[in-house]
Amino acid sequence: MTFLFFKEMLFVLALIFGGCCSNVFTLEVMVRVVPSSGNLITFAQFLFVAVEASLHQIKFQKSWWPFRLRDRVVPLKDWIIMVILFWSVSVLNNYALGFRISMPLHIIFRSGSLLVSMIIGYTFFNRRFSTRQVIGVLLVTFGVVISTYASRKPTATHADTIPEDIPISEFIMGICLLTLALVISCFLGQFQQHSAKYGKEWREGVFYMHALCLPTFGLFYKDIMTQVNLFNQSELISIGELIKSFCSNSFMINVYEFFQLHLLNDIFFPILWVALFMNMITQYVCISGVSKLTSMASSVTVNLVLSVRKFMSLILSILLFKHQLTMGNIVGAILVIFGTIVYSIAPNAALPSTSEVEKKNK
């Protein structure tokens, strides 16, 4: 039993680190060329995940209508609330990339949810936190503030296509969008913890959280079509050459030659559509891994794994896209990672007893 759990955990970690880190890479490829492509990217991710997840939620029946959804574990009204919050967070995070927010800052800033989550949990959900948890949160907060201040003179998402004299107001707007997404994501986390009492059905969550969001993208129809046209105009790339570039050893080269994939060399697609397709796949792999981990491990373990994953994404973004980071960015990133670890391994504070609460109310 222990071996099977260990084996499954390794598989889940491979999904998270492989899927999430690759997803950040494909996302940055697109936003460096079309910074305002957030709505198209989000819609494509939600559509792909919803369609794939539906295969696990649809049952066949002998009736005039042969399909029906499996019985829900979590009530529909709870899903609707979480869907609204989840959709808002996803749209705001991707939309913020169009406001001069670099990917490293984007990753660091999104790691600062602990403080907001602590305030919301303490104020609205009667949660209590130990001294070490508070210290960890303060370290994360200082790290986010330092990193954000160090990025106050934003670097253009693509230095070759965006002029240097873009007003600082765009950077401030991007920070405001990320802050709003941060607050909403913390409320989402609280609702997800509340829904866990019904049972941990991660596939059901993946399906409803994405499928119920799809109609809302009709609000952005014109914007999405504009982004579609920009993607169509991107540089063409040979599919055969693209596949060959992933053949890093003799075995993969032999497979490439055996299936005669060189015949695909004359087939060209706009490079941004190829990146979007890879982004959709890696997004599903990433979400599946995180959802599965949530159903297998404690919140402490989840926080630790996601913290390390964000750190890996940050390093990859810096190395692959040669971001110019100041000492403030580096110090901020270290504080965020260290603070998250301190928070995750800290003991939980004991909840006040009923008698203490009654005395306090008197």
# chains A, B, ... in the order shown; residues from 1 in each chain; ligands from 1
call {"tool": "residues_around", "arguments": {"residues": "A:Tyr256", "least_positions_apart": "2", "cutoff": "12 Å", "atoms": "only C-alpha atoms", "output": "count of residues only"}}
result
23
call {"tool": "residues_around", "arguments": {"residues": "A:Met30", "least_positions_apart": "4", "cutoff": "12 Å", "atoms": "only C-alpha atoms", "output": "count of residues only"}}
result
32
call {"tool": "closest_residue", "arguments": {"among": "A:Ile108, A:Met296, A:Val140, A:Ile119", "to": "A:Val342", "atoms": "only C-alpha atoms"}}
result
A:Val140
call {"tool": "closest_residue", "arguments": {"among": "A:Ile101, A:Phe268, A:Thr2, A:Arg132", "to": "A:Ile168", "atoms": "only C-alpha atoms"}}
result
A:Ile101
call {"tool": "atom_distance", "arguments": {"atom1": "atom CA of A:Leu92", "atom2": "atom CA of A:Thr179"}}
result
9.3 Å
call {"tool": "select_by_dssp", "arguments": {"residues": "stretch 40-136 of chain A", "states": "alpha helix (DSSP H)", "output": "PyMOL selection string"}}
result
chain A and resi 40-54+76-96+103-110+113-124+131-136
call {"tool": "write_last_selection", "arguments": {"atoms": "C-alpha atoms", "output": "PDB file, in the first residue's frame"}}
result
ATOM      1  CA  LEU A  40      -7.875  33.936 -25.889  1.00  0.00           C
ATOM      2  CA  ILE A  41      -5.384  31.917 -23.840  1.00  0.00           C
ATOM      3  CA  THR A  42      -7.780  31.583 -20.900  1.00  0.00           C
ATOM      4  CA  PHE A  43     -10.698  30.573 -23.149  1.00  0.00           C
ATOM      5  CA  ALA A  44      -8.594  27.949 -24.953  1.00  0.00           C
ATOM      6  CA  GLN A  45      -7.376  26.503 -21.647  1.00  0.00           C
ATOM      7  CA  PHE A  46     -10.873  26.283 -20.203  1.00  0.00           C
ATOM      8  CA  LEU A  47     -12.325  24.753 -23.389  1.00  0.00           C
ATOM      9  CA  PHE A  48      -9.658  22.045 -23.657  1.00  0.00           C
ATOM     10  CA  VAL A  49      -9.804  21.102 -19.969  1.00  0.00           C
ATOM     11  CA  ALA A  50     -13.640  21.069 -19.941  1.00  0.00           C
ATOM     12  CA  VAL A  51     -13.873  18.819 -23.012  1.00  0.00           C
ATOM     13  CA  GLU A  52     -11.303  16.337 -21.693  1.00  0.00           C
ATOM     14  CA  ALA A  53     -12.764  16.309 -18.180  1.00  0.00           C
ATOM     15  CA  SER A  54     -16.262  15.727 -19.573  1.00  0.00           C
ATOM     16  CA  LEU A  76     -24.280  22.666  -7.697  1.00  0.00           C
ATOM     17  CA  LYS A  77     -24.720  25.965  -5.827  1.00  0.00           C
ATOM     18  CA  ASP A  78     -21.269  25.504  -4.278  1.00  0.00           C
ATOM     19  CA  TRP A  79     -19.774  24.864  -7.700  1.00  0.00           C
ATOM     20  CA  ILE A  80     -21.387  28.009  -9.105  1.00  0.00           C
ATOM     21  CA  ILE A  81     -19.813  30.155  -6.378  1.00  0.00           C
ATOM     22  CA  MET A  82     -16.380  28.579  -6.876  1.00  0.00           C
ATOM     23  CA  VAL A  83     -16.680  28.812 -10.663  1.00  0.00           C
ATOM     24  CA  ILE A  84     -17.345  32.561 -10.526  1.00  0.00           C
ATOM     25  CA  LEU A  85     -14.320  33.067  -8.282  1.00  0.00           C
ATOM     26  CA  PHE A  86     -12.076  30.709 -10.286  1.00  0.00           C
ATOM     27  CA  TRP A  87     -13.000  32.333 -13.599  1.00  0.00           C
ATOM     28  CA  SER A  88     -12.327  35.813 -12.195  1.00  0.00           C
ATOM     29  CA  VAL A  89      -8.895  34.796 -10.907  1.00  0.00           C
ATOM     30  CA  SER A  90      -7.882  33.156 -14.198  1.00  0.00           C
ATOM     31  CA  VAL A  91      -9.009  36.077 -16.366  1.00  0.00           C
ATOM     32  CA  LEU A  92      -7.426  38.732 -14.126  1.00  0.00           C
ATOM     33  CA  ASN A  93      -4.078  36.906 -13.874  1.00  0.00           C
ATOM     34  CA  ASN A  94      -3.740  36.455 -17.633  1.00  0.00           C
ATOM     35  CA  TYR A  95      -5.097  39.934 -18.393  1.00  0.00           C
ATOM     36  CA  ALA A  96      -2.503  41.493 -16.076  1.00  0.00           C
ATOM     37  CA  MET A 103       6.694  36.840 -15.849  1.00  0.00           C
ATOM     38  CA  PRO A 104       9.100  36.625 -12.859  1.00  0.00           C
ATOM     39  CA  LEU A 105       7.180  39.372 -11.038  1.00  0.00           C
ATOM     40  CA  HIS A 106       3.921  37.662 -12.024  1.00  0.00           C
ATOM     41  CA  ILE A 107       5.110  34.423 -10.398  1.00  0.00           C
ATOM     42  CA  ILE A 108       6.457  36.138  -7.248  1.00  0.00           C
ATOM     43  CA  PHE A 109       3.367  38.316  -6.775  1.00  0.00           C
ATOM     44  CA  ARG A 110       0.983  35.367  -7.033  1.00  0.00           C
ATOM     45  CA  SER A 113      -1.569  35.063  -1.232  1.00  0.00           C
ATOM     46  CA  LEU A 114      -0.693  33.836   2.272  1.00  0.00           C
ATOM     47  CA  LEU A 115      -1.158  37.238   3.946  1.00  0.00           C
ATOM     48  CA  VAL A 116      -4.497  37.889   2.261  1.00  0.00           C
ATOM     49  CA  SER A 117      -5.606  34.326   3.013  1.00  0.00           C
ATOM     50  CA  MET A 118      -4.649  34.737   6.657  1.00  0.00           C
ATOM     51  CA  ILE A 119      -6.564  38.008   7.016  1.00  0.00           C
ATOM     52  CA  ILE A 120      -9.663  36.590   5.308  1.00  0.00           C
ATOM     53  CA  GLY A 121      -9.506  33.353   7.300  1.00  0.00           C
ATOM     54  CA  TYR A 122      -9.106  35.223  10.608  1.00  0.00           C
ATOM     55  CA  THR A 123     -11.782  37.831   9.850  1.00  0.00           C
ATOM     56  CA  PHE A 124     -14.510  35.813   8.132  1.00  0.00           C
ATOM     57  CA  THR A 131       3.398  32.709  15.723  1.00  0.00           C
ATOM     58  CA  ARG A 132       5.590  30.857  13.229  1.00  0.00           C
ATOM     59  CA  GLN A 133       2.830  30.945  10.642  1.00  0.00           C
ATOM     60  CA  VAL A 134       2.555  34.710  11.091  1.00  0.00           C
ATOM     61  CA  ILE A 135       6.345  35.061  10.711  1.00  0.00           C
ATOM     62  CA  GLY A 136       6.268  33.020   7.526  1.00  0.00           C
TER      63      GLY A 136
END
call {"tool": "residues_around", "arguments": {"residues": "A:Tyr149", "least_positions_apart": "5", "cutoff": "12 Å", "atoms": "only C-alpha atoms", "output": "VMD selection string"}}
result
chain A and resid 105 109 142 to 144 154 171 to 172 175 326 to 329 331 to 332
call {"tool": "atom_distance", "arguments": {"atom1": "atom CA of A:Asn126", "atom2": "atom CA of A:Tyr208"}}
result
28.2 Å
call {"tool": "select_by_dssp", "arguments": {"residues": "stretch 126-283 of chain A", "states": "strand (DSSP E or B)", "output": "list of chain:residue names"}}
result
A:Leu236, A:Ile237, A:Ser238, A:Phe268, A:Phe269, A:Pro270
call {"tool": "closest_residue", "arguments": {"among": "A:Leu55, A:Leu319, A:Ile237, A:Leu214", "to": "A:Ile267", "atoms": "only C-alpha atoms"}}
result
A:Ile237
call {"tool": "atom_distance", "arguments": {"atom1": "atom CA of A:Leu13", "atom2": "atom CA of A:Ile334"}}
result
22.3 Å
call {"tool": "residues_around", "arguments": {"residues": "A:Leu69", "least_positions_apart": "3", "cutoff": "7 Å", "atoms": "only C-alpha atoms", "output": "PyMOL selection string"}}
result
chain A and resi 57-59
